[in-house]
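Note: the block below is target_15.cif and it holds mmCIF, C-alpha atoms (C1' of nucleotides).
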```cif
data_run
loop_
_atom_site.label_atom_id
_atom_site.label_comp_id
_atom_site.auth_asym_id
_atom_site.auth_seq_id
_atom_site.Cartn_x
_atom_site.Cartn_y
_atom_site.Cartn_z
CA MET A 1 89.55 129.43 115.58
CA ALA A 2 93.25 128.76 115.91
CA TYR A 3 93.78 129.57 112.25
CA THR A 4 91.84 129.65 109.05
CA LEU A 5 91.86 127.23 106.18
CA ASP A 6 92.78 128.67 102.82
CA SER A 7 91.31 127.42 99.57
CA THR A 8 94.15 124.90 99.05
CA ASP A 9 93.54 123.41 102.50
CA LYS A 10 89.85 123.09 101.70
CA LYS A 11 90.56 121.37 98.40
CA ILE A 12 92.86 118.92 100.15
CA LEU A 13 90.26 118.21 102.83
CA ASN A 14 87.46 117.78 100.32
CA ILE A 15 89.53 115.11 98.57
CA LEU A 16 90.87 113.38 101.69
CA GLN A 17 87.39 113.10 103.17
CA ASN A 18 86.39 110.94 100.22
CA GLU A 19 89.70 109.33 99.25
CA GLY A 20 91.53 108.88 102.50
CA ARG A 21 94.24 106.66 101.08
CA ILE A 22 95.14 108.77 98.05
CA THR A 23 98.88 109.31 97.68
CA THR A 24 100.26 112.76 98.36
CA LYS A 25 101.65 112.78 94.85
CA ALA A 26 98.28 112.08 93.20
CA LEU A 27 96.63 114.70 95.38
CA ALA A 28 99.31 117.22 94.45
CA GLU A 29 98.80 116.53 90.75
CA ARG A 30 95.08 117.22 91.04
CA LEU A 31 95.82 120.58 92.59
CA ASN A 32 98.61 121.39 90.15
CA LEU A 33 101.15 121.58 92.94
CA THR A 34 104.29 119.68 93.83
CA THR A 35 104.23 117.11 96.60
CA THR A 36 106.13 119.17 99.18
CA PRO A 37 103.48 121.80 99.98
CA VAL A 38 100.71 119.22 99.90
CA PHE A 39 102.68 116.92 102.17
CA GLU A 40 103.32 119.74 104.61
CA ARG A 41 99.71 120.90 104.59
CA ILE A 42 98.38 117.39 105.26
CA LYS A 43 100.80 116.96 108.16
CA ARG A 44 99.72 120.31 109.57
CA LEU A 45 96.02 119.48 109.23
CA GLU A 46 96.64 116.19 111.03
CA LYS A 47 98.75 117.79 113.76
CA ASN A 48 96.13 120.46 114.43
CA GLY A 49 93.40 117.85 114.77
CA ILE A 50 91.39 119.12 111.83
CA ILE A 51 91.83 115.68 110.32
CA SER A 52 91.04 113.58 113.38
CA LYS A 53 91.59 110.18 111.78
CA TYR A 54 91.42 108.11 108.64
CA ALA A 55 88.76 105.43 108.60
CA GLY A 56 88.32 102.48 106.30
CA ILE A 57 84.55 102.32 105.86
CA LEU A 58 83.10 98.83 105.57
CA ASN A 59 79.96 97.71 103.80
CA GLU A 60 77.79 96.58 106.70
CA LYS A 61 75.73 94.23 104.52
CA LEU A 62 78.85 92.25 103.62
CA ILE A 63 80.01 91.79 107.19
CA ASP A 64 76.65 90.67 108.48
CA ARG A 65 75.47 93.79 110.28
CA LYS A 66 72.27 94.28 108.35
CA LEU A 67 70.19 95.78 111.15
CA THR A 68 70.55 99.41 112.21
CA VAL A 69 68.36 100.77 115.00
CA PHE A 70 68.14 104.27 116.39
CA ILE A 71 67.01 104.11 120.00
CA SER A 72 65.54 107.15 121.74
CA ILE A 73 65.96 106.85 125.48
CA SER A 74 64.76 108.94 128.38
CA ILE A 75 66.05 108.39 131.88
CA LYS A 76 64.34 108.86 135.22
CA ASP A 77 67.04 110.36 137.35
CA HIS A 78 69.23 112.97 135.67
CA ALA A 79 71.76 113.12 138.48
CA ARG A 80 75.32 113.12 137.18
CA THR A 81 76.26 109.69 138.51
CA TYR A 82 73.30 108.07 136.78
CA VAL A 83 74.01 109.77 133.48
CA GLU A 84 77.69 108.83 133.64
CA ASN A 85 76.81 105.28 134.48
CA PHE A 86 74.51 105.06 131.47
CA LEU A 87 77.17 106.50 129.16
CA LYS A 88 79.88 104.18 130.50
CA GLU A 89 77.62 101.24 129.84
CA MET A 90 76.94 102.34 126.25
CA GLU A 91 80.64 103.00 125.65
CA SER A 92 81.49 99.42 126.49
CA ILE A 93 79.09 97.81 124.02
CA PRO A 94 80.71 97.33 120.59
CA GLU A 95 77.41 97.21 118.71
CA VAL A 96 76.65 100.72 120.00
CA MET A 97 78.14 102.90 117.28
CA GLU A 98 76.92 106.33 118.36
CA VAL A 99 75.51 107.96 121.49
CA TYR A 100 74.23 111.53 121.65
CA HIS A 101 72.93 113.51 124.56
CA ILE A 102 70.04 115.42 123.08
CA ALA A 103 67.55 118.13 123.88
CA GLY A 104 64.03 117.30 122.90
CA ASN A 105 61.51 114.61 123.77
CA TYR A 106 64.19 112.15 124.89
CA ASP A 107 67.53 112.37 126.69
CA PHE A 108 69.70 110.18 124.47
CA LEU A 109 69.83 108.97 120.93
CA VAL A 110 71.73 105.71 120.45
CA LYS A 111 72.62 104.08 117.16
CA VAL A 112 73.26 100.36 117.19
CA MET A 113 74.23 98.10 114.28
CA MET A 114 73.90 94.37 114.57
CA LYS A 115 73.40 91.11 112.77
CA ASP A 116 69.65 90.71 113.04
CA MET A 117 66.54 91.19 115.11
CA GLU A 118 67.48 88.36 117.43
CA ALA A 119 70.74 90.08 118.30
CA TYR A 120 68.80 93.28 118.87
CA GLN A 121 66.37 91.57 121.22
CA LYS A 122 69.28 90.17 123.20
CA PHE A 123 70.84 93.63 123.36
CA VAL A 124 67.63 95.19 124.70
CA LEU A 125 67.06 92.37 127.16
CA ASN A 126 70.60 91.93 128.45
CA ARG A 127 72.17 95.34 128.12
CA LEU A 128 69.47 97.99 128.03
CA SER A 129 66.66 96.82 130.27
CA VAL A 130 69.10 95.95 133.04
CA ILE A 131 69.96 99.63 133.47
CA ASN A 132 67.36 100.58 136.07
CA ASN A 133 67.49 104.31 135.55
CA ILE A 134 65.86 104.01 132.15
CA ASP A 135 62.41 105.52 131.83
CA HIS A 136 61.22 105.22 128.25
CA VAL A 137 62.68 103.58 125.15
CA GLN A 138 61.55 104.03 121.57
CA SER A 139 63.19 102.04 118.78
CA SER A 140 63.28 103.23 115.18
CA PHE A 141 64.31 100.45 112.81
CA VAL A 142 66.17 101.49 109.70
CA LEU A 143 64.47 100.21 106.56
CA THR A 144 66.82 101.86 104.07
CA LYS A 145 69.86 104.09 104.35
CA ASN A 146 69.12 106.71 101.70
CA LYS A 147 72.06 108.99 102.32
CA TYR A 148 75.20 108.60 104.35
CA THR A 149 78.34 110.66 104.32
CA THR A 150 81.05 111.62 106.77
CA ALA A 151 82.29 114.36 104.43
CA PHE A 152 81.61 118.04 104.88
CA GLU A 153 81.50 120.19 101.79
CA LEU A 154 84.11 122.85 102.40
CA SER A 155 83.96 126.05 100.44
CA MET B 1 77.85 85.68 101.74
CA ALA B 2 80.13 85.58 98.72
CA TYR B 3 82.97 84.37 100.89
CA THR B 4 84.02 84.38 104.49
CA LEU B 5 86.64 86.50 106.17
CA ASP B 6 89.37 84.59 107.92
CA SER B 7 91.04 85.83 111.07
CA THR B 8 93.80 87.63 109.13
CA ASP B 9 91.21 89.52 107.07
CA LYS B 10 89.44 90.54 110.26
CA LYS B 11 92.66 91.77 111.83
CA ILE B 12 93.41 93.82 108.73
CA LEU B 13 89.92 95.30 108.72
CA ASN B 14 90.01 96.11 112.43
CA ILE B 15 93.19 98.10 111.86
CA LEU B 16 92.17 99.77 108.58
CA GLN B 17 88.87 100.92 110.09
CA ASN B 18 90.82 102.99 112.61
CA GLU B 19 94.02 103.73 110.69
CA GLY B 20 92.95 104.07 107.10
CA ARG B 21 96.22 105.54 105.89
CA ILE B 22 98.56 103.01 107.50
CA THR B 23 101.14 101.64 105.08
CA THR B 24 100.81 98.05 103.95
CA LYS B 25 104.27 97.42 105.31
CA ALA B 26 103.45 98.69 108.83
CA LEU B 27 100.21 96.70 108.82
CA ALA B 28 102.10 93.58 107.75
CA GLU B 29 104.61 94.04 110.57
CA ARG B 30 101.83 94.20 113.14
CA LEU B 31 100.47 90.91 111.91
CA ASN B 32 103.92 89.30 111.61
CA LEU B 33 103.49 88.82 107.90
CA THR B 34 105.30 90.08 104.82
CA THR B 35 103.80 92.82 102.69
CA THR B 36 102.74 90.64 99.76
CA PRO B 37 99.89 88.69 101.42
CA VAL B 38 98.67 91.81 103.24
CA PHE B 39 98.77 93.82 100.02
CA GLU B 40 96.82 91.14 98.18
CA ARG B 41 94.24 90.81 100.94
CA ILE B 42 93.63 94.56 101.08
CA LYS B 43 93.19 94.70 97.30
CA ARG B 44 90.73 91.82 97.47
CA LEU B 45 88.75 93.41 100.31
CA GLU B 46 88.54 96.62 98.30
CA LYS B 47 87.61 94.85 95.07
CA ASN B 48 84.85 92.89 96.79
CA GLY B 49 83.40 96.05 98.26
CA ILE B 50 83.93 94.98 101.87
CA ILE B 51 86.03 98.10 102.23
CA SER B 52 83.75 100.59 100.52
CA LYS B 53 85.97 103.64 100.89
CA TYR B 54 88.58 105.40 102.97
CA ALA B 55 87.45 108.59 104.67
CA GLY B 56 89.44 111.33 106.30
CA ILE B 57 87.33 112.25 109.32
CA LEU B 58 87.34 115.92 110.25
CA ASN B 59 86.79 117.51 113.64
CA GLU B 60 83.51 119.34 113.12
CA LYS B 61 84.25 121.84 115.90
CA LEU B 62 87.37 123.02 114.07
CA ILE B 63 85.63 123.56 110.75
CA ASP B 64 82.73 125.50 112.20
CA ARG B 65 79.99 122.90 112.11
CA LYS B 66 79.19 122.89 115.78
CA LEU B 67 75.48 122.15 115.53
CA THR B 68 74.18 118.65 114.88
CA VAL B 69 70.44 118.04 114.68
CA PHE B 70 68.53 114.82 114.21
CA ILE B 71 65.21 115.54 112.55
CA SER B 72 62.35 113.06 112.70
CA ILE B 73 59.98 113.61 109.82
CA SER B 74 56.65 112.09 108.88
CA ILE B 75 55.10 112.67 105.51
CA LYS B 76 51.44 112.90 104.50
CA ASP B 77 51.36 111.05 101.22
CA HIS B 78 53.47 107.89 101.03
CA ALA B 79 53.06 107.48 97.29
CA ARG B 80 56.35 106.60 95.61
CA THR B 81 56.74 109.86 93.71
CA TYR B 82 56.39 111.90 96.87
CA VAL B 83 58.88 109.79 98.77
CA GLU B 84 61.37 109.93 95.91
CA ASN B 85 60.94 113.67 95.65
CA PHE B 86 61.65 114.08 99.34
CA LEU B 87 64.77 111.91 99.13
CA LYS B 88 66.06 113.72 96.04
CA GLU B 89 65.68 117.00 97.86
CA MET B 90 67.60 115.73 100.91
CA GLU B 91 70.31 114.25 98.70
CA SER B 92 71.02 117.64 97.19
CA ILE B 93 71.58 119.47 100.47
CA PRO B 94 75.22 119.30 101.60
CA GLU B 95 74.44 119.95 105.26
CA VAL B 96 72.27 116.82 105.26
CA MET B 97 74.75 114.12 106.24
CA GLU B 98 72.44 111.13 106.70
CA VAL B 99 68.91 110.13 105.73
CA TYR B 100 67.19 106.95 106.88
CA HIS B 101 63.81 105.58 105.98
CA ILE B 102 62.59 104.19 109.27
CA ALA B 103 59.79 102.16 110.79
CA GLY B 104 58.38 103.63 113.96
CA ASN B 105 56.65 106.84 114.91
CA TYR B 106 58.12 108.76 111.98
CA ASP B 107 58.98 108.01 108.35
CA PHE B 108 62.47 109.47 108.09
CA LEU B 109 65.37 110.31 110.32
CA VAL B 110 67.65 113.03 108.96
CA LYS B 111 70.98 114.12 110.42
CA VAL B 112 72.14 117.62 109.60
CA MET B 113 75.36 119.33 110.66
CA MET B 114 75.73 123.06 110.37
CA LYS B 115 77.40 126.17 111.67
CA ASP B 116 74.84 127.37 114.18
CA MET B 117 71.20 127.77 115.06
CA GLU B 118 70.73 130.53 112.54
CA ALA B 119 71.87 128.25 109.73
CA TYR B 120 69.51 125.59 111.03
CA GLN B 121 66.58 128.00 111.03
CA LYS B 122 67.34 128.92 107.44
CA PHE B 123 67.52 125.25 106.51
CA VAL B 124 64.11 124.54 108.07
CA LEU B 125 62.57 127.62 106.54
CA ASN B 126 64.03 127.44 103.05
CA ARG B 127 64.60 123.73 102.45
CA LEU B 128 62.32 121.75 104.71
CA SER B 129 59.09 123.67 105.11
CA VAL B 130 58.88 124.26 101.34
CA ILE B 131 58.36 120.53 100.78
CA ASN B 132 54.58 120.42 100.96
CA ASN B 133 54.22 116.71 101.56
CA ILE B 134 55.67 117.01 105.06
CA ASP B 135 53.33 116.24 107.90
CA HIS B 136 55.21 116.44 111.18
CA VAL B 137 58.77 117.45 112.10
CA GLN B 138 60.50 116.90 115.42
CA SER B 139 64.02 118.25 115.95
CA SER B 140 66.45 116.75 118.46
CA PHE B 141 69.42 119.01 119.07
CA VAL B 142 72.68 117.31 119.95
CA LEU B 143 74.10 118.63 123.22
CA THR B 144 77.09 116.29 123.37
CA LYS B 145 78.42 113.51 121.17
CA ASN B 146 79.29 110.89 123.76
CA LYS B 147 80.29 108.10 121.42
CA TYR B 148 80.95 107.99 117.72
CA THR B 149 82.61 105.32 115.66
CA THR B 150 82.41 104.04 112.11
CA ALA B 151 84.36 100.91 113.05
CA PHE B 152 82.81 97.49 113.60
CA GLU B 153 84.52 95.16 115.99
CA LEU B 154 85.22 92.07 113.93
CA SER B 155 85.89 88.82 115.67
"C1'" DG C 1 103.63 130.57 100.30
"C1'" DG C 2 106.16 127.65 96.68
"C1'" DT C 3 109.99 124.45 93.54
"C1'" DG C 4 113.33 120.67 92.48
"C1'" DA C 5 116.38 117.11 93.70
"C1'" DA C 6 118.27 113.32 96.60
"C1'" DA C 7 117.96 109.67 99.99
"C1'" DT C 8 115.05 106.64 101.98
"C1'" DC C 9 111.16 103.95 102.23
"C1'" DC C 10 107.05 101.62 100.27
"C1'" DT C 11 104.47 99.30 96.62
"C1'" DT C 12 103.83 95.97 93.54
"C1'" DC C 13 105.17 92.12 90.72
"C1'" DT C 14 107.54 87.79 89.77
"C1'" DG C 15 109.42 83.50 90.99
"C1'" DT C 16 109.43 79.93 94.53
"C1'" DT C 17 107.94 76.80 98.31
"C1'" DA D 1 98.63 81.21 101.30
"C1'" DA D 2 102.87 82.85 102.27
"C1'" DC D 3 108.04 84.35 101.44
"C1'" DA D 4 112.11 86.82 99.27
"C1'" DG D 5 113.97 89.86 96.10
"C1'" DA D 6 113.96 93.54 92.66
"C1'" DA D 7 112.25 97.51 89.97
"C1'" DG D 8 109.68 101.30 89.96
"C1'" DG D 9 107.18 104.85 92.71
"C1'" DA D 10 106.18 107.66 96.68
"C1'" DT D 11 107.63 109.97 100.83
"C1'" DT D 12 110.27 113.02 103.25
"C1'" DT D 13 113.86 116.31 103.92
"C1'" DC D 14 116.72 120.03 102.42
"C1'" DA D 15 118.56 123.86 99.90
"C1'" DC D 16 116.75 127.57 97.48
"C1'" DC D 17 113.34 131.20 95.70
#
```

Just give me the structure as C-alpha cells.
Amino acid sequence: MAYTLDSTDKKILNILQNEGRITTKALAERLNLTTTPVFERIKRLEKNGIISKYAGILNEKLIDRKLTVFISISIKDHARTYVENFLKEMESIPEVMEVYHIAGNYDFLVKVMMKDMEAYQKFVLNRLSVINNIDHVQSSFVLTKNKYTTAFELS
Amino acid sequence: MAYTLDSTDKKILNILQNEGRITTKALAERLNLTTTPVFERIKRLEKNGIISKYAGILNEKLIDRKLTVFISISIKDHARTYVENFLKEMESIPEVMEVYHIAGNYDFLVKVMMKDMEAYQKFVLNRLSVINNIDHVQSSFVLTKNKYTTAFELS
DNA sequence: GGTGAAATCCTTCTGTT
DNA sequence: AACAGAAGGATTTCACC
C-alpha cells in the first residue's frame, strides 16, 4: 500500500463511514484532539482516495423503490466485445444499482431496485431479453433486507 | 406515502446522494436558492427518514479488503428460531456486509468483504459451517465490480 | 505528529413578503 | 415557500512546538 493508516486515521474512518456529515470539530472532540489535525487527516484521506465519496443514503421504501432483485446472468459468447456490450447496457440503466463479474455458476450478478413487479417485468422484457448474447437468467427476489452496511470495521 | 417530494426535494436528494458532505450554501447556489429553504428541506428530509444516513464510502482496495464474495445459502429447517439464529449470527460478523432473505433457489444471499481467500476460508470454516441448520452453500467470487452505486435517480 | 489563534465562511434563526 | 440579515459556530490557514 501507498501508506498505512494509524489508529487515529482508523477512528476517523470508522466515524465518517457512519456519520458522513459530522463536523470536523465534533469529530475532533470525540477523539480528544483539536480540529487542525483531524481536518488535515480527513483531507489527506480524501486526496488519497481512501475516502472515495460521501453518500446520502435514502430509505428505498419512502421513495417508492420497494422491490430489489438480484439477477444471476450467464452469457453465451464470452468474447470481449459481447461482454463490453453487456456491461455498457447495464451501466446505462438507472435501476441497475450494481453489476459484478463473478466466478461460479453464472457470469454476472446484477442488483436492480425498482418500484414494483410490473416495473421489473418491463425491465426484463425491454432491457434484458433484448440483449441476444444472454444465455440463462435467474432472478432472486428480496423478501427482507436483514443486514446492510457500507462501513468496514477498521481495527 | 406520508408526503410527496417536489422537484426541489428531488434535486437536493440527487445531489446529496453523490455529495453527502456538500455545504448547504453550495447546494443552494446550484439550485439558485438561498440557504434557508435548502437548509429547512434537508432537515425535513432527514427528520422524515427519507435520508437515512450519510456514509463515507471507502475504497476497499486501499484498506485491504480486496475479496468480495456473494454466498447463496439454503437452510434445512425454516422454523422461526432457526432463521433468527442464522440472522443473529450473520449480524455479528463484521465482514458480513449484507444479508438478504430471498425467494428463489436459495433462502439467503450474503455479501462478505475480506482481505483475501485465506480469510474467506477461515470465515467459512469457523463461522458458516458451524451453523448446523445450513443445507447448501454456493459461493460466487467477485472478479470485477463493474457498477456500484447507492444513489437512486429521482425524477 | 500536535496546539492555539485569527480570518473567513457557513449555519441557523428571526422577521418579512 | 422563499428572501435578507445577523449572531453564533465551524472551517481553514498560519505561526509555533

Worksheet entry | Best match for closeness to B:Ser155 among B:Ser72, B:Gln138, B:Ser7, B:Thr24, counting only C-alpha atoms | B:Ser7

Please give chain A as a CSV table (one decimal) with C-alpha atoms, keeping the file's coordinate frame, after it has been superposed on chain B by least squares over all Cα atoms paired in order.
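Result file is superposed08.csv:
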```csv
chain,number,residue,atom,x,y,z
A,1,MET,CA,77.8,85.7,101.6
A,2,ALA,CA,80.2,85.6,98.6
A,3,TYR,CA,83.0,84.4,100.8
A,4,THR,CA,84.0,84.4,104.4
A,5,LEU,CA,86.6,86.5,106.1
A,6,ASP,CA,89.4,84.6,107.9
A,7,SER,CA,91.0,85.8,111.0
A,8,THR,CA,93.8,87.6,109.1
A,9,ASP,CA,91.2,89.5,107.1
A,10,LYS,CA,89.4,90.5,110.2
A,11,LYS,CA,92.6,91.7,111.8
A,12,ILE,CA,93.4,93.8,108.7
A,13,LEU,CA,89.9,95.3,108.7
A,14,ASN,CA,90.0,96.1,112.4
A,15,ILE,CA,93.2,98.1,111.9
A,16,LEU,CA,92.2,99.8,108.6
A,17,GLN,CA,88.9,100.9,110.1
A,18,ASN,CA,90.8,103.0,112.6
A,19,GLU,CA,94.0,103.7,110.7
A,20,GLY,CA,93.0,104.1,107.2
A,21,ARG,CA,96.2,105.5,106.0
A,22,ILE,CA,98.6,103.0,107.6
A,23,THR,CA,101.2,101.6,105.2
A,24,THR,CA,100.9,98.1,104.0
A,25,LYS,CA,104.3,97.4,105.4
A,26,ALA,CA,103.4,98.7,108.9
A,27,LEU,CA,100.2,96.7,108.9
A,28,ALA,CA,102.1,93.6,107.8
A,29,GLU,CA,104.6,94.0,110.6
A,30,ARG,CA,101.8,94.1,113.2
A,31,LEU,CA,100.5,90.9,111.9
A,32,ASN,CA,103.9,89.3,111.6
A,33,LEU,CA,103.5,88.8,107.9
A,34,THR,CA,105.3,90.1,104.8
A,35,THR,CA,103.8,92.8,102.7
A,36,THR,CA,102.8,90.7,99.8
A,37,PRO,CA,99.9,88.7,101.4
A,38,VAL,CA,98.7,91.8,103.2
A,39,PHE,CA,98.8,93.9,100.1
A,40,GLU,CA,96.9,91.2,98.2
A,41,ARG,CA,94.3,90.8,100.9
A,42,ILE,CA,93.6,94.6,101.1
A,43,LYS,CA,93.2,94.8,97.3
A,44,ARG,CA,90.8,91.9,97.5
A,45,LEU,CA,88.8,93.4,100.3
A,46,GLU,CA,88.6,96.7,98.3
A,47,LYS,CA,87.6,94.9,95.1
A,48,ASN,CA,84.9,92.9,96.8
A,49,GLY,CA,83.4,96.1,98.3
A,50,ILE,CA,83.9,95.0,101.8
A,51,ILE,CA,86.0,98.1,102.2
A,52,SER,CA,83.8,100.6,100.5
A,53,LYS,CA,86.0,103.7,100.9
A,54,TYR,CA,88.6,105.4,103.0
A,55,ALA,CA,87.5,108.6,104.7
A,56,GLY,CA,89.5,111.3,106.3
A,57,ILE,CA,87.3,112.2,109.3
A,58,LEU,CA,87.3,115.9,110.2
A,59,ASN,CA,86.8,117.5,113.6
A,60,GLU,CA,83.5,119.3,113.1
A,61,LYS,CA,84.3,121.9,115.9
A,62,LEU,CA,87.4,123.0,114.0
A,63,ILE,CA,85.6,123.6,110.7
A,64,ASP,CA,82.7,125.5,112.2
A,65,ARG,CA,80.0,122.9,112.1
A,66,LYS,CA,79.2,122.9,115.8
A,67,LEU,CA,75.5,122.2,115.5
A,68,THR,CA,74.2,118.6,114.9
A,69,VAL,CA,70.4,118.0,114.7
A,70,PHE,CA,68.5,114.8,114.2
A,71,ILE,CA,65.2,115.5,112.5
A,72,SER,CA,62.4,113.1,112.7
A,73,ILE,CA,60.0,113.6,109.8
A,74,SER,CA,56.6,112.1,108.9
A,75,ILE,CA,55.1,112.7,105.5
A,76,LYS,CA,51.4,112.9,104.5
A,77,ASP,CA,51.3,111.1,101.3
A,78,HIS,CA,53.4,107.9,101.1
A,79,ALA,CA,53.0,107.5,97.3
A,80,ARG,CA,56.3,106.6,95.6
A,81,THR,CA,56.7,109.9,93.7
A,82,TYR,CA,56.3,111.9,96.9
A,83,VAL,CA,58.8,109.8,98.8
A,84,GLU,CA,61.3,109.9,95.9
A,85,ASN,CA,60.9,113.7,95.7
A,86,PHE,CA,61.6,114.1,99.4
A,87,LEU,CA,64.7,111.9,99.1
A,88,LYS,CA,66.0,113.7,96.1
A,89,GLU,CA,65.6,117.0,97.9
A,90,MET,CA,67.6,115.7,100.9
A,91,GLU,CA,70.3,114.3,98.7
A,92,SER,CA,71.0,117.6,97.2
A,93,ILE,CA,71.6,119.5,100.5
A,94,PRO,CA,75.2,119.3,101.6
A,95,GLU,CA,74.4,119.9,105.2
A,96,VAL,CA,72.3,116.8,105.2
A,97,MET,CA,74.7,114.1,106.2
A,98,GLU,CA,72.4,111.1,106.7
A,99,VAL,CA,68.9,110.1,105.7
A,100,TYR,CA,67.2,106.9,106.9
A,101,HIS,CA,63.8,105.6,106.0
A,102,ILE,CA,62.6,104.2,109.3
A,103,ALA,CA,59.8,102.2,110.8
A,104,GLY,CA,58.4,103.6,114.0
A,105,ASN,CA,56.7,106.8,114.9
A,106,TYR,CA,58.1,108.8,112.0
A,107,ASP,CA,59.0,108.0,108.4
A,108,PHE,CA,62.5,109.5,108.1
A,109,LEU,CA,65.4,110.3,110.3
A,110,VAL,CA,67.6,113.0,109.0
A,111,LYS,CA,71.0,114.1,110.4
A,112,VAL,CA,72.1,117.6,109.6
A,113,MET,CA,75.4,119.3,110.7
A,114,MET,CA,75.7,123.1,110.3
A,115,LYS,CA,77.4,126.2,111.6
A,116,ASP,CA,74.8,127.4,114.1
A,117,MET,CA,71.2,127.8,115.0
A,118,GLU,CA,70.7,130.5,112.5
A,119,ALA,CA,71.9,128.2,109.7
A,120,TYR,CA,69.5,125.6,111.0
A,121,GLN,CA,66.6,128.0,111.0
A,122,LYS,CA,67.3,128.9,107.4
A,123,PHE,CA,67.5,125.2,106.5
A,124,VAL,CA,64.1,124.5,108.1
A,125,LEU,CA,62.6,127.6,106.5
A,126,ASN,CA,64.0,127.4,103.0
A,127,ARG,CA,64.6,123.7,102.4
A,128,LEU,CA,62.3,121.7,104.7
A,129,SER,CA,59.1,123.7,105.1
A,130,VAL,CA,58.9,124.2,101.4
A,131,ILE,CA,58.3,120.5,100.8
A,132,ASN,CA,54.5,120.4,101.0
A,133,ASN,CA,54.2,116.7,101.6
A,134,ILE,CA,55.7,117.0,105.1
A,135,ASP,CA,53.3,116.2,107.9
A,136,HIS,CA,55.2,116.5,111.2
A,137,VAL,CA,58.8,117.5,112.1
A,138,GLN,CA,60.5,116.9,115.4
A,139,SER,CA,64.0,118.3,116.0
A,140,SER,CA,66.5,116.7,118.5
A,141,PHE,CA,69.4,119.0,119.1
A,142,VAL,CA,72.7,117.3,119.9
A,143,LEU,CA,74.1,118.6,123.2
A,144,THR,CA,77.1,116.3,123.3
A,145,LYS,CA,78.4,113.5,121.2
A,146,ASN,CA,79.3,110.9,123.7
A,147,LYS,CA,80.3,108.1,121.4
A,148,TYR,CA,81.0,108.0,117.7
A,149,THR,CA,82.6,105.3,115.6
A,150,THR,CA,82.4,104.0,112.1
A,151,ALA,CA,84.3,100.9,113.1
A,152,PHE,CA,82.8,97.5,113.6
A,153,GLU,CA,84.5,95.1,116.0
A,154,LEU,CA,85.2,92.1,113.9
A,155,SER,CA,85.9,88.8,115.7
```

Item to complete: Considering only C-alpha atoms (C1' of nucleotides), return as a PyMOL selection string whatever protein or nucleic-acid residues lie within 9 Å of stretch 7-13 of chain D, sequence-local ones (same chain, fewer than 6 positions apart) excluded.
Response: (chain A and resi 23-25+35-36+39) or (chain C and resi 7-13)

Worksheet item: What lies within 6 Å of B:Met97 using all atoms listed in the file, ignoring chain neighbours under 4 positions off, as a VMD selection string?
Response: (chain A and resid 148 to 149) or (chain B and resid 111 to 112)

Please dump the current selection as a compact mmCIF listing (two decimals), in the coordinates of the input; keep C-alpha atoms.
```txt
# COMPACT_ATOMS: atom_id res chain seq x y z
CA TYR A 148 75.20 108.60 104.35
CA THR A 149 78.34 110.66 104.32
CA LYS B 111 70.98 114.12 110.42
CA VAL B 112 72.14 117.62 109.60
```

Worksheet item: When the PyMOL selection byres ((chain A) within 6 of (chain B)) is applied to the file above, which residues end up in the set, as a PyMOL selection string?
Response: chain A and resi 16-21+50-59+97-104+140-149

Worksheet item: On this structure, which residues satisfy the PyMOL selection byres ((chain A) within 12 of (chain C)), written as a list in words?
Response: Asp6, Thr8, Thr23, Asn32, Leu33, Thr34, Thr35, Thr36, Pro37, Val38, Glu40 and Arg41 of chain A

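Near chain B, the residues of chain D that fall inside 10 Å (using all atoms listed in the file) are DA1, DA2, DC3 and DA4 of chain D.
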
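When atom CA of A:Arg127 is paired with atom CA of A:Ser92, their separation reads 10.3 Å.
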
Worksheet item: What is the distance, in Å and to one decimal place, between atom CA of B:Gln121 and atom CA of B:Asp135?
Response: 18.0 Å

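The interatomic distance for the pair atom CA of B:Leu128 and atom CA of B:Ser74 works out to 12.0 Å.
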
Stretch 6-17 of chain D: axis-aligned bounding box, 3 Å on each side, centre and edge lengths in Å, one decimal, as AutoDock Vina command-line options:
```
--center_x 112.4 --center_y 112.4 --center_z 96.9 --size_x 18.4 --size_y 43.7 --size_z 20.0
```
